[in-house]
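Everything below belongs to query_24.cif, which stores mmCIF, C-alpha atoms; chains and numbers go by the auth columns.
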```cif
data_entry
#
loop_
_atom_site.group_PDB
_atom_site.id
_atom_site.type_symbol
_atom_site.label_atom_id
_atom_site.label_comp_id
_atom_site.label_asym_id
_atom_site.label_seq_id
_atom_site.Cartn_x
_atom_site.Cartn_y
_atom_site.Cartn_z
_atom_site.B_iso_or_equiv
_atom_site.auth_seq_id
_atom_site.auth_asym_id
ATOM 1 C CA MET A 1 -75.520 27.110 -45.591 0.00 1077 A
ATOM 2 C CA SER A 2 -77.321 24.159 -47.015 0.00 1078 A
ATOM 3 C CA PRO A 3 -77.652 23.702 -50.755 0.00 1079 A
ATOM 4 C CA THR A 4 -80.879 24.618 -52.461 0.00 1080 A
ATOM 5 C CA PRO A 5 -82.965 21.814 -53.942 0.00 1081 A
ATOM 6 C CA LYS A 6 -81.762 22.722 -57.413 0.00 1082 A
ATOM 7 C CA GLN A 7 -78.113 22.596 -56.309 0.00 1083 A
ATOM 8 C CA ALA A 8 -78.647 19.302 -54.496 0.00 1084 A
ATOM 9 C CA ARG A 9 -79.981 17.745 -57.692 0.00 1085 A
ATOM 10 C CA THR A 10 -77.013 18.811 -59.783 0.00 1086 A
ATOM 11 C CA HIS A 11 -74.362 17.765 -57.285 0.00 1087 A
ATOM 12 C CA ARG A 12 -73.551 14.105 -57.417 0.00 1088 A
ATOM 13 C CA ARG A 13 -71.010 12.565 -55.050 0.00 1089 A
ATOM 14 C CA LYS A 14 -68.340 10.523 -56.804 0.00 1090 A
ATOM 15 C CA ALA A 15 -68.642 6.769 -56.122 0.00 1091 A
ATOM 16 C CA VAL A 16 -65.672 5.333 -54.220 0.00 1092 A
ATOM 17 C CA PRO A 17 -64.668 1.973 -55.717 0.00 1093 A
ATOM 18 C CA THR A 18 -64.244 0.124 -52.423 0.00 1094 A
ATOM 19 C CA ASP A 19 -66.029 -2.790 -50.875 0.00 1095 A
ATOM 20 C CA ARG A 20 -68.826 -1.452 -48.703 0.00 1096 A
ATOM 21 C CA THR A 21 -69.493 -4.808 -47.071 0.00 1097 A
ATOM 22 C CA LYS A 22 -70.035 -4.289 -43.390 0.00 1098 A
ATOM 23 C CA ASN A 23 -67.038 -4.911 -41.047 0.00 1099 A
ATOM 24 C CA VAL A 24 -64.615 -6.282 -43.663 0.00 1100 A
ATOM 25 C CA THR A 25 -61.483 -4.826 -42.072 0.00 1101 A
ATOM 26 C CA SER A 26 -61.775 -7.105 -39.069 0.00 1102 A
ATOM 27 C CA TRP A 27 -59.325 -9.792 -37.942 0.00 1103 A
ATOM 28 C CA ARG A 28 -59.991 -12.658 -35.555 0.00 1104 A
ATOM 29 C CA VAL A 29 -57.529 -14.706 -33.523 0.00 1105 A
ATOM 30 C CA GLU A 30 -58.720 -17.984 -32.020 0.00 1106 A
ATOM 31 C CA ALA A 31 -56.478 -19.839 -29.603 0.00 1107 A
ATOM 32 C CA SER A 32 -57.067 -23.065 -27.726 0.00 1108 A
ATOM 33 C CA TRP A 33 -55.017 -25.313 -25.483 0.00 1109 A
ATOM 34 C CA ASP A 34 -55.079 -29.085 -25.186 0.00 1110 A
ATOM 35 C CA HIS A 35 -55.605 -28.949 -21.431 0.00 1111 A
ATOM 36 C CA ARG A 36 -58.693 -26.724 -21.823 0.00 1112 A
ATOM 37 C CA PRO A 37 -60.253 -27.190 -25.269 0.00 1113 A
ATOM 38 C CA ASP A 38 -63.695 -25.993 -24.120 0.00 1114 A
ATOM 39 C CA ALA A 39 -62.430 -22.501 -23.246 0.00 1115 A
ATOM 40 C CA PRO A 40 -60.803 -20.987 -26.339 0.00 1116 A
ATOM 41 C CA VAL A 41 -59.575 -17.399 -26.490 0.00 1117 A
ATOM 42 C CA VAL A 42 -61.175 -15.325 -29.260 0.00 1118 A
ATOM 43 C CA ILE A 43 -59.831 -11.853 -30.048 0.00 1119 A
ATOM 44 C CA ARG A 44 -61.513 -9.609 -32.647 0.00 1120 A
ATOM 45 C CA THR A 45 -59.782 -6.443 -33.777 0.00 1121 A
ATOM 46 C CA SER A 46 -59.529 -4.161 -36.777 0.00 1122 A
ATOM 47 C CA ASP A 47 -55.801 -3.664 -36.123 0.00 1123 A
ATOM 48 C CA LYS A 48 -53.846 -6.258 -38.117 0.00 1124 A
ATOM 49 C CA LYS A 49 -50.560 -5.595 -36.288 0.00 1125 A
ATOM 50 C CA ARG A 50 -52.213 -6.135 -32.909 0.00 1126 A
ATOM 51 C CA ALA A 51 -53.787 -9.350 -34.189 0.00 1127 A
ATOM 52 C CA ARG A 52 -50.392 -10.624 -35.413 0.00 1128 A
ATOM 53 C CA ARG A 53 -48.798 -9.759 -32.064 0.00 1129 A
ATOM 54 C CA LYS A 54 -51.528 -11.709 -30.294 0.00 1130 A
ATOM 55 C CA VAL A 55 -50.912 -14.701 -32.593 0.00 1131 A
ATOM 56 C CA VAL A 56 -47.221 -14.737 -31.606 0.00 1132 A
ATOM 57 C CA GLU A 57 -48.035 -14.136 -27.915 0.00 1133 A
ATOM 58 C CA LEU A 58 -50.552 -16.959 -27.711 0.00 1134 A
ATOM 59 C CA ALA A 59 -48.343 -19.349 -29.700 0.00 1135 A
ATOM 60 C CA ASP A 60 -45.518 -18.648 -27.221 0.00 1136 A
ATOM 61 C CA LYS A 61 -47.897 -19.752 -24.465 0.00 1137 A
ATOM 62 C CA GLY A 62 -48.368 -23.120 -26.194 0.00 1138 A
ATOM 63 C CA ALA A 63 -51.763 -22.557 -27.804 0.00 1139 A
ATOM 64 C CA TYR A 64 -52.954 -23.744 -31.183 0.00 1140 A
ATOM 65 C CA VAL A 65 -53.731 -20.420 -32.895 0.00 1141 A
ATOM 66 C CA ILE A 66 -55.905 -19.715 -35.944 0.00 1142 A
ATOM 67 C CA PHE A 67 -55.511 -16.259 -37.533 0.00 1143 A
ATOM 68 C CA GLN A 68 -58.572 -15.291 -39.604 0.00 1144 A
ATOM 69 C CA GLU A 69 -59.600 -12.461 -41.898 0.00 1145 A
ATOM 70 C CA HIS A 70 -63.190 -11.242 -42.132 0.00 1146 A
ATOM 71 C CA GLU A 71 -64.846 -11.721 -45.523 0.00 1147 A
ATOM 72 C CA GLY A 72 -68.147 -10.107 -44.656 0.00 1148 A
ATOM 73 C CA TRP A 73 -71.469 -11.281 -43.326 0.00 1149 A
ATOM 74 C CA ASP A 74 -69.872 -13.304 -40.528 0.00 1150 A
ATOM 75 C CA ARG A 75 -67.705 -15.385 -42.829 0.00 1151 A
ATOM 76 C CA TRP A 76 -64.027 -15.796 -41.910 0.00 1152 A
ATOM 77 C CA ARG A 77 -61.107 -16.945 -44.039 0.00 1153 A
ATOM 78 C CA THR A 78 -58.162 -18.653 -42.315 0.00 1154 A
ATOM 79 C CA VAL A 79 -54.943 -16.796 -43.074 0.00 1155 A
ATOM 80 C CA ARG A 80 -52.562 -18.772 -40.897 0.00 1156 A
ATOM 81 C CA GLU A 81 -52.513 -21.562 -38.328 0.00 1157 A
ATOM 82 C CA VAL A 82 -49.764 -21.854 -35.722 0.00 1158 A
ATOM 83 C CA ASP A 83 -49.165 -24.862 -33.486 0.00 1159 A
ATOM 84 C CA GLY A 84 -47.659 -23.231 -30.412 0.00 1160 A
ATOM 85 C CA ALA A 85 -47.129 -26.499 -28.535 0.00 1161 A
ATOM 86 C CA ALA A 86 -45.032 -27.856 -31.425 0.00 1162 A
ATOM 87 C CA LEU A 87 -43.005 -24.623 -31.536 0.00 1163 A
ATOM 88 C CA LEU A 88 -42.318 -24.848 -27.806 0.00 1164 A
ATOM 89 C CA ALA A 89 -41.324 -28.508 -28.162 0.00 1165 A
ATOM 90 C CA GLU A 90 -38.940 -27.572 -30.992 0.00 1166 A
ATOM 91 C CA ARG A 91 -37.300 -24.872 -28.885 0.00 1167 A
ATOM 92 C CA ALA A 92 -36.971 -27.274 -25.970 0.00 1168 A
ATOM 93 C CA ALA A 93 -35.420 -29.904 -28.260 0.00 1169 A
ATOM 94 C CA GLU A 94 -32.916 -27.348 -29.539 0.00 1170 A
ATOM 95 C CA GLN A 95 -31.939 -26.475 -25.972 0.00 1171 A
ATOM 96 C CA GLN A 96 -31.666 -30.174 -25.032 0.00 1172 A
ATOM 97 C CA LEU A 97 -29.362 -30.738 -28.013 0.00 1173 A
ATOM 98 C CA ALA A 98 -27.055 -28.013 -26.761 0.00 1174 A
ATOM 99 C CA ALA A 99 -27.266 -29.197 -23.139 0.00 1175 A
ATOM 100 C CA ALA A 100 -26.523 -32.828 -24.045 0.00 1176 A
ATOM 101 C CA GLY A 101 -23.504 -31.830 -26.120 0.00 1177 A
ATOM 102 C CA HIS A 102 -24.900 -33.203 -29.378 0.00 1178 A
ATOM 103 C CA PRO A 103 -24.079 -31.405 -32.620 0.00 1179 A
ATOM 104 C CA PRO A 104 -26.698 -28.844 -33.678 0.00 1180 A
ATOM 105 C CA THR A 105 -29.279 -29.763 -36.289 0.00 1181 A
ATOM 106 C CA PRO A 106 -27.745 -29.311 -39.753 0.00 1182 A
ATOM 107 C CA ALA A 107 -29.444 -26.824 -42.067 0.00 1183 A
ATOM 108 C CA GLY A 108 -30.068 -29.492 -44.719 0.00 1184 A
ATOM 109 C CA TYR A 109 -31.703 -31.966 -42.331 0.00 1185 A
ATOM 110 C CA ARG A 110 -35.441 -32.048 -43.236 0.00 1186 A
ATOM 111 C CA PRO A 111 -35.636 -28.234 -43.627 0.00 1187 A
ATOM 112 C CA ASP A 112 -39.396 -27.998 -44.275 0.00 1188 A
ATOM 113 C CA THR A 113 -40.670 -30.147 -41.420 0.00 1189 A
ATOM 114 C CA GLU A 114 -41.821 -28.711 -38.124 0.00 1190 A
ATOM 115 C CA ASP A 115 -40.291 -31.417 -35.911 0.00 1191 A
ATOM 116 C CA ARG A 116 -36.773 -31.437 -37.357 0.00 1192 A
ATOM 117 C CA HIS A 117 -35.037 -30.585 -34.046 0.00 1193 A
ATOM 118 C CA ARG A 118 -37.057 -33.197 -32.146 0.00 1194 A
ATOM 119 C CA THR A 119 -36.281 -35.972 -34.632 0.00 1195 A
ATOM 120 C CA TRP A 120 -32.607 -34.949 -34.721 0.00 1196 A
ATOM 121 C CA LEU A 121 -32.504 -35.034 -30.903 0.00 1197 A
ATOM 122 C CA ALA A 122 -34.152 -38.475 -30.855 0.00 1198 A
ATOM 123 C CA TRP A 123 -31.661 -39.736 -33.437 0.00 1199 A
ATOM 124 C CA MET A 124 -28.689 -38.295 -31.514 0.00 1200 A
ATOM 125 C CA ASP A 125 -29.993 -39.778 -28.250 0.00 1201 A
ATOM 126 C CA ALA A 126 -30.425 -43.194 -29.878 0.00 1202 A
ATOM 127 C CA ARG A 127 -26.938 -42.956 -31.351 0.00 1203 A
ATOM 128 C CA ALA A 128 -25.444 -41.968 -27.984 0.00 1204 A
ATOM 129 C CA GLU A 129 -27.341 -44.827 -26.297 0.00 1205 A
ATOM 130 C CA GLY A 130 -25.998 -47.295 -28.886 0.00 1206 A
ATOM 131 C CA GLU A 131 -22.451 -46.004 -28.373 0.00 1207 A
ATOM 132 C CA ARG A 132 -22.881 -46.289 -24.591 0.00 1208 A
ATOM 133 C CA ARG A 133 -24.140 -49.878 -24.897 0.00 1209 A
ATOM 134 C CA ALA A 134 -21.290 -50.770 -27.249 0.00 1210 A
ATOM 135 C CA ALA A 135 -18.786 -49.261 -24.799 0.00 1211 A
ATOM 136 C CA GLU A 136 -20.358 -51.194 -21.899 0.00 1212 A
ATOM 137 C CA GLN A 137 -20.245 -54.427 -23.932 0.00 1213 A
ATOM 138 C CA ALA A 138 -16.600 -53.823 -24.876 0.00 1214 A
ATOM 139 C CA ALA A 139 -15.727 -53.091 -21.231 0.00 1215 A
ATOM 140 C CA ARG A 140 -17.557 -56.259 -20.123 0.00 1216 A
ATOM 141 C CA GLU A 141 -15.749 -58.376 -22.718 0.00 1217 A
ATOM 142 C CA GLN A 142 -12.406 -56.822 -21.731 0.00 1218 A
ATOM 143 C CA ALA A 143 -13.096 -57.533 -18.043 0.00 1219 A
ATOM 144 C CA GLU A 144 -14.001 -61.162 -18.860 0.00 1220 A
ATOM 145 C CA ALA A 145 -10.819 -61.565 -20.928 0.00 1221 A
ATOM 146 C CA ASP A 146 -8.720 -60.057 -18.123 0.00 1222 A
ATOM 147 C CA ALA A 147 -10.350 -62.334 -15.533 0.00 1223 A
ATOM 148 C CA ARG A 148 -9.708 -65.404 -17.734 0.00 1224 A
ATOM 149 C CA ARG A 149 -6.100 -64.344 -18.273 0.00 1225 A
ATOM 150 C CA ARG A 150 -5.607 -63.850 -14.509 0.00 1226 A
ATOM 151 C CA ARG A 151 -7.242 -67.229 -13.749 0.00 1227 A
ATOM 152 C CA LEU A 152 -5.022 -69.015 -16.249 0.00 1228 A
ATOM 153 C CA ALA A 153 -1.935 -67.223 -14.906 0.00 1229 A
ATOM 154 C CA ALA A 154 -2.832 -68.203 -11.316 0.00 1230 A
ATOM 155 C CA GLU A 155 -3.454 -71.790 -12.413 0.00 1231 A
ATOM 156 C CA ALA A 156 -0.118 -71.897 -14.245 0.00 1232 A
ATOM 157 C CA ARG A 157 1.679 -70.408 -11.222 0.00 1233 A
ATOM 158 C CA GLN A 158 0.024 -72.938 -8.924 0.00 1234 A
ATOM 159 C CA HIS A 159 0.929 -75.937 -11.048 0.00 1235 A
ATOM 160 C CA ALA A 160 4.199 -74.634 -12.456 0.00 1236 A
ATOM 161 C CA ARG A 161 6.443 -76.570 -10.057 0.00 1237 A
ATOM 162 C CA ALA A 162 4.626 -79.831 -10.701 0.00 1238 A
ATOM 163 C CA LEU A 163 4.630 -79.235 -14.418 0.00 1239 A
ATOM 164 C CA MET A 164 8.370 -78.422 -14.518 0.00 1240 A
ATOM 165 C CA SER A 165 9.513 -81.416 -12.517 0.00 1241 A
ATOM 166 C CA PRO A 166 9.810 -84.785 -14.208 0.00 1242 A
ATOM 167 C CA PRO A 167 7.056 -87.306 -13.552 0.00 1243 A
ATOM 168 C CA THR A 168 7.516 -89.523 -10.525 0.00 1244 A
ATOM 169 C CA ILE A 169 8.194 -93.154 -11.074 0.00 1245 A
ATOM 170 C CA VAL A 170 5.551 -95.268 -9.459 0.00 1246 A
ATOM 171 C CA ARG A 171 6.843 -98.690 -8.554 0.00 1247 A
ATOM 172 C CA PRO A 172 4.492 -101.660 -8.393 0.00 1248 A
ATOM 173 C CA GLU A 173 5.124 -102.194 -4.704 0.00 1249 A
ATOM 174 C CA HIS A 174 4.115 -98.618 -3.852 0.00 1250 A
ATOM 175 C CA ARG A 175 0.940 -98.748 -5.910 0.00 1251 A
ATOM 176 C CA GLN A 176 -2.157 -98.540 -3.753 0.00 1252 A
ATOM 177 C CA ARG A 177 -4.885 -100.966 -4.511 0.00 1253 A
ATOM 178 C CA ALA A 178 -8.437 -99.853 -4.770 0.00 1254 A
ATOM 179 C CA ARG A 179 -10.702 -101.127 -2.065 0.00 1255 A
ATOM 180 C CA HIS A 180 -13.842 -102.690 -3.405 0.00 1256 A
ATOM 181 C CA ILE A 181 -16.588 -102.661 -0.886 0.00 1257 A
ATOM 182 C CA THR A 182 -20.244 -103.277 -1.270 0.00 1258 A
ATOM 183 C CA GLY A 183 -22.908 -100.887 -0.168 0.00 1259 A
ATOM 184 C CA ALA A 184 -23.859 -102.966 2.898 0.00 1260 A
ATOM 185 C CA GLN A 185 -20.375 -102.751 4.374 0.00 1261 A
ATOM 186 C CA ARG A 186 -20.057 -99.007 4.441 0.00 1262 A
#
```

Kindly transcribe the structure held in the file into structure tokens.
Amino acid sequence: MSPTPKQARTHRRKAVPTDRTKNVTSWRVEASWDHRPDAPVVIRTSDKKRARRKVVELADKGAYVIFQEHEGWDRWRTVREVDGAALLAERAAEQQLAAAGHPPTPAGYRPDTEDRHRTWLAWMDARAEGERRAAEQAAREQAEADARRRRLAAEARQHARALMSPPTIVRPEHRQRARHITGAQR
């Protein structure tokens, strides 16, 4: 039964103190990849949990993701930006550290930066390369020293008999004279 005109005038609905701006509860996820920047993925949803899941999903695929909240009248406010390619590179660097046998990244090493595992891996690789070069140089120097020692030992063995015997006496009559010849007589 519908209210009478008199009843309709006396009844006043209580005002709800909420924002009545159209479509405010909307969330937008934009994702783009470096290899295809002209074809971004745009997802609009009113479900915040679904939008967050999509942010994580797309970041795991290597996309640069922008998570936005609707402010009304087609204006969007950026809530969070995620660089998926950097996250993937960090995970790969962490795995390379473990595979190469380097120590893991310490907790106090540049804790707020996004590329801490990559810079730690680069530093560990450079350190390992320096140690390898130093070891090669030491081995080369040792091999040269061993070769010199062997050469001197062989030389000493070869000339030992001559060096241990007294010098021969050369008498004037046995001395050989040098022959002086000119170039034309050769």

Give as a compact mmCIF listing (two decimals) with C-alpha atoms, in the frame of the given file the residues that the PyMOL selection byres ((chain A and resi 1160-1165) around 7) matches when applied to the coordinates above.
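Generated file (result-v4.txt):
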```txt
# COMPACT_ATOMS: atom_id res chain seq x y z
CA ALA A 1135 -48.34 -19.35 -29.70
CA ASP A 1136 -45.52 -18.65 -27.22
CA LYS A 1137 -47.90 -19.75 -24.46
CA GLY A 1138 -48.37 -23.12 -26.19
CA ALA A 1139 -51.76 -22.56 -27.80
CA TYR A 1140 -52.95 -23.74 -31.18
CA VAL A 1158 -49.76 -21.85 -35.72
CA ASP A 1159 -49.16 -24.86 -33.49
CA GLU A 1166 -38.94 -27.57 -30.99
CA ARG A 1167 -37.30 -24.87 -28.88
CA ALA A 1168 -36.97 -27.27 -25.97
CA ALA A 1169 -35.42 -29.90 -28.26
```

| task | Starting from the displayed file, determine the output of the PyMOL selection byres ((chain A and resi 1130) around 12) and express the residue list as a PyMOL selection string. | result | chain A and resi 1103-1107+1117-1121+1123-1129+1131-1137+1139+1141-1143+1158

Got time to write the residues from that selection, C-alpha atoms, as a PDB file, in the coordinates of the input?
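As written to disk, part.pdb reads:
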```pdb
ATOM      1  CA  TRP A1103     -59.325  -9.792 -37.942  1.00  0.00           C
ATOM      2  CA  ARG A1104     -59.991 -12.658 -35.555  1.00  0.00           C
ATOM      3  CA  VAL A1105     -57.529 -14.706 -33.523  1.00  0.00           C
ATOM      4  CA  GLU A1106     -58.720 -17.984 -32.020  1.00  0.00           C
ATOM      5  CA  ALA A1107     -56.478 -19.839 -29.603  1.00  0.00           C
ATOM      6  CA  VAL A1117     -59.575 -17.399 -26.490  1.00  0.00           C
ATOM      7  CA  VAL A1118     -61.175 -15.325 -29.260  1.00  0.00           C
ATOM      8  CA  ILE A1119     -59.831 -11.853 -30.048  1.00  0.00           C
ATOM      9  CA  ARG A1120     -61.513  -9.609 -32.647  1.00  0.00           C
ATOM     10  CA  THR A1121     -59.782  -6.443 -33.777  1.00  0.00           C
ATOM     11  CA  ASP A1123     -55.801  -3.664 -36.123  1.00  0.00           C
ATOM     12  CA  LYS A1124     -53.846  -6.258 -38.117  1.00  0.00           C
ATOM     13  CA  LYS A1125     -50.560  -5.595 -36.288  1.00  0.00           C
ATOM     14  CA  ARG A1126     -52.213  -6.135 -32.909  1.00  0.00           C
ATOM     15  CA  ALA A1127     -53.787  -9.350 -34.189  1.00  0.00           C
ATOM     16  CA  ARG A1128     -50.392 -10.624 -35.413  1.00  0.00           C
ATOM     17  CA  ARG A1129     -48.798  -9.759 -32.064  1.00  0.00           C
ATOM     18  CA  VAL A1131     -50.912 -14.701 -32.593  1.00  0.00           C
ATOM     19  CA  VAL A1132     -47.221 -14.737 -31.606  1.00  0.00           C
ATOM     20  CA  GLU A1133     -48.035 -14.136 -27.915  1.00  0.00           C
ATOM     21  CA  LEU A1134     -50.552 -16.959 -27.711  1.00  0.00           C
ATOM     22  CA  ALA A1135     -48.343 -19.349 -29.700  1.00  0.00           C
ATOM     23  CA  ASP A1136     -45.518 -18.648 -27.221  1.00  0.00           C
ATOM     24  CA  LYS A1137     -47.897 -19.752 -24.465  1.00  0.00           C
ATOM     25  CA  ALA A1139     -51.763 -22.557 -27.804  1.00  0.00           C
ATOM     26  CA  VAL A1141     -53.731 -20.420 -32.895  1.00  0.00           C
ATOM     27  CA  ILE A1142     -55.905 -19.715 -35.944  1.00  0.00           C
ATOM     28  CA  PHE A1143     -55.511 -16.259 -37.533  1.00  0.00           C
ATOM     29  CA  VAL A1158     -49.764 -21.854 -35.722  1.00  0.00           C
TER      30      VAL A1158
END
```

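Of the residues listed (A:Arg1251, A:Arg1186, A:Arg1216, A:His1178), A:His1178 shows the shortest atom-to-atom separation from Met1200 (chain A); distances use all atoms listed in the file.
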
| request: Could you tell me which residues the PyMOL selection byres ((chain A and resi 1146) around 7) returns for this structure, as a list of chain:residue names? | output: A:Val1100, A:Thr1101, A:Ser1102, A:Trp1103, A:Gln1144, A:Glu1145, A:Glu1147, A:Gly1148, A:Arg1151, A:Trp1152, A:Arg1153

Emit the selected residues as a compact mmCIF listing (two decimals), keeping the file's coordinate frame, including C-alpha atoms.
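Printed below is again-v6.txt as written:
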```
# COMPACT_ATOMS: atom_id res chain seq x y z
CA VAL A 1100 -64.61 -6.28 -43.66
CA THR A 1101 -61.48 -4.83 -42.07
CA SER A 1102 -61.78 -7.10 -39.07
CA TRP A 1103 -59.32 -9.79 -37.94
CA GLN A 1144 -58.57 -15.29 -39.60
CA GLU A 1145 -59.60 -12.46 -41.90
CA GLU A 1147 -64.85 -11.72 -45.52
CA GLY A 1148 -68.15 -10.11 -44.66
CA ARG A 1151 -67.70 -15.38 -42.83
CA TRP A 1152 -64.03 -15.80 -41.91
CA ARG A 1153 -61.11 -16.94 -44.04
```

Mind giving me the axis-aligned box for region 1117-1135 of chain A with 4 Å on every side, centre plus edges in Å to one decimal, as lines of an AutoDock Vina configuration file?
```
center_x = -54.4
center_y = -11.5
center_z = -32.3
size_x = 22.3
size_y = 23.7
size_z = 19.6
```

| Could you state the separation of CA of Glu1170 (chain A) and CA of Trp1196 (chain A) in Å, given to one decimal place? | 9.2 Å

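Between CA of Ile1245 (chain A) and CA of Ala1230 (chain A) the interatomic distance comes to 27.3 Å.
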
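Counting from CA of Gln1172 (chain A), the distance to CA of Ala1198 (chain A) is 10.4 Å.
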
When you get a chance, write out N, CA and C atoms for region 1126-1146 of chain A, as a PDB file, in the frame of the given file.
```pdb
ATOM      1  N   ARG A1126     -51.855  -5.644 -34.246  1.00  0.00           N
ATOM      2  CA  ARG A1126     -52.213  -6.135 -32.909  1.00  0.00           C
ATOM      3  C   ARG A1126     -52.607  -7.607 -32.983  1.00  0.00           C
ATOM      4  N   ALA A1127     -53.367  -7.956 -34.031  1.00  0.00           N
ATOM      5  CA  ALA A1127     -53.787  -9.350 -34.189  1.00  0.00           C
ATOM      6  C   ALA A1127     -52.569 -10.253 -34.392  1.00  0.00           C
ATOM      7  N   ARG A1128     -51.612  -9.824 -35.200  1.00  0.00           N
ATOM      8  CA  ARG A1128     -50.392 -10.624 -35.413  1.00  0.00           C
ATOM      9  C   ARG A1128     -49.592 -10.768 -34.128  1.00  0.00           C
ATOM     10  N   ARG A1129     -49.500  -9.693 -33.356  1.00  0.00           N
ATOM     11  CA  ARG A1129     -48.798  -9.759 -32.064  1.00  0.00           C
ATOM     12  C   ARG A1129     -49.461 -10.773 -31.144  1.00  0.00           C
ATOM     13  N   LYS A1130     -50.786 -10.765 -31.138  1.00  0.00           N
ATOM     14  CA  LYS A1130     -51.528 -11.709 -30.294  1.00  0.00           C
ATOM     15  C   LYS A1130     -51.296 -13.148 -30.759  1.00  0.00           C
ATOM     16  N   VAL A1131     -51.196 -13.357 -32.069  1.00  0.00           N
ATOM     17  CA  VAL A1131     -50.912 -14.701 -32.593  1.00  0.00           C
ATOM     18  C   VAL A1131     -49.581 -15.188 -32.031  1.00  0.00           C
ATOM     19  N   VAL A1132     -48.557 -14.351 -32.100  1.00  0.00           N
ATOM     20  CA  VAL A1132     -47.221 -14.737 -31.606  1.00  0.00           C
ATOM     21  C   VAL A1132     -47.256 -14.951 -30.098  1.00  0.00           C
ATOM     22  N   GLU A1133     -47.935 -14.031 -29.383  1.00  0.00           N
ATOM     23  CA  GLU A1133     -48.035 -14.136 -27.915  1.00  0.00           C
ATOM     24  C   GLU A1133     -48.685 -15.448 -27.484  1.00  0.00           C
ATOM     25  N   LEU A1134     -49.817 -15.758 -28.097  1.00  0.00           N
ATOM     26  CA  LEU A1134     -50.552 -16.959 -27.711  1.00  0.00           C
ATOM     27  C   LEU A1134     -49.811 -18.232 -28.132  1.00  0.00           C
ATOM     28  N   ALA A1135     -49.136 -18.189 -29.271  1.00  0.00           N
ATOM     29  CA  ALA A1135     -48.343 -19.349 -29.700  1.00  0.00           C
ATOM     30  C   ALA A1135     -47.187 -19.584 -28.730  1.00  0.00           C
ATOM     31  N   ASP A1136     -46.601 -18.499 -28.204  1.00  0.00           N
ATOM     32  CA  ASP A1136     -45.518 -18.648 -27.221  1.00  0.00           C
ATOM     33  C   ASP A1136     -46.014 -19.237 -25.907  1.00  0.00           C
ATOM     34  N   LYS A1137     -47.312 -19.147 -25.666  1.00  0.00           N
ATOM     35  CA  LYS A1137     -47.897 -19.752 -24.465  1.00  0.00           C
ATOM     36  C   LYS A1137     -48.320 -21.198 -24.706  1.00  0.00           C
ATOM     37  N   GLY A1138     -48.084 -21.716 -25.910  1.00  0.00           N
ATOM     38  CA  GLY A1138     -48.368 -23.120 -26.194  1.00  0.00           C
ATOM     39  C   GLY A1138     -49.742 -23.389 -26.759  1.00  0.00           C
ATOM     40  N   ALA A1139     -50.415 -22.372 -27.268  1.00  0.00           N
ATOM     41  CA  ALA A1139     -51.763 -22.557 -27.804  1.00  0.00           C
ATOM     42  C   ALA A1139     -51.709 -22.906 -29.286  1.00  0.00           C
ATOM     43  N   TYR A1140     -52.769 -23.552 -29.744  1.00  0.00           N
ATOM     44  CA  TYR A1140     -52.954 -23.744 -31.183  1.00  0.00           C
ATOM     45  C   TYR A1140     -53.748 -22.535 -31.652  1.00  0.00           C
ATOM     46  N   VAL A1141     -53.152 -21.711 -32.531  1.00  0.00           N
ATOM     47  CA  VAL A1141     -53.731 -20.420 -32.895  1.00  0.00           C
ATOM     48  C   VAL A1141     -54.180 -20.429 -34.353  1.00  0.00           C
ATOM     49  N   ILE A1142     -55.376 -19.886 -34.585  1.00  0.00           N
ATOM     50  CA  ILE A1142     -55.905 -19.715 -35.944  1.00  0.00           C
ATOM     51  C   ILE A1142     -56.109 -18.221 -36.168  1.00  0.00           C
ATOM     52  N   PHE A1143     -55.425 -17.676 -37.190  1.00  0.00           N
ATOM     53  CA  PHE A1143     -55.511 -16.259 -37.533  1.00  0.00           C
ATOM     54  C   PHE A1143     -56.442 -16.137 -38.731  1.00  0.00           C
ATOM     55  N   GLN A1144     -57.542 -15.345 -38.573  1.00  0.00           N
ATOM     56  CA  GLN A1144     -58.572 -15.291 -39.604  1.00  0.00           C
ATOM     57  C   GLN A1144     -58.850 -13.849 -40.051  1.00  0.00           C
ATOM     58  N   GLU A1145     -59.238 -13.746 -41.315  1.00  0.00           N
ATOM     59  CA  GLU A1145     -59.600 -12.461 -41.898  1.00  0.00           C
ATOM     60  C   GLU A1145     -61.101 -12.466 -42.187  1.00  0.00           C
ATOM     61  N   HIS A1146     -61.750 -11.328 -41.932  1.00  0.00           N
ATOM     62  CA  HIS A1146     -63.190 -11.242 -42.132  1.00  0.00           C
ATOM     63  C   HIS A1146     -63.503 -11.056 -43.610  1.00  0.00           C
TER      64      HIS A1146
END
```
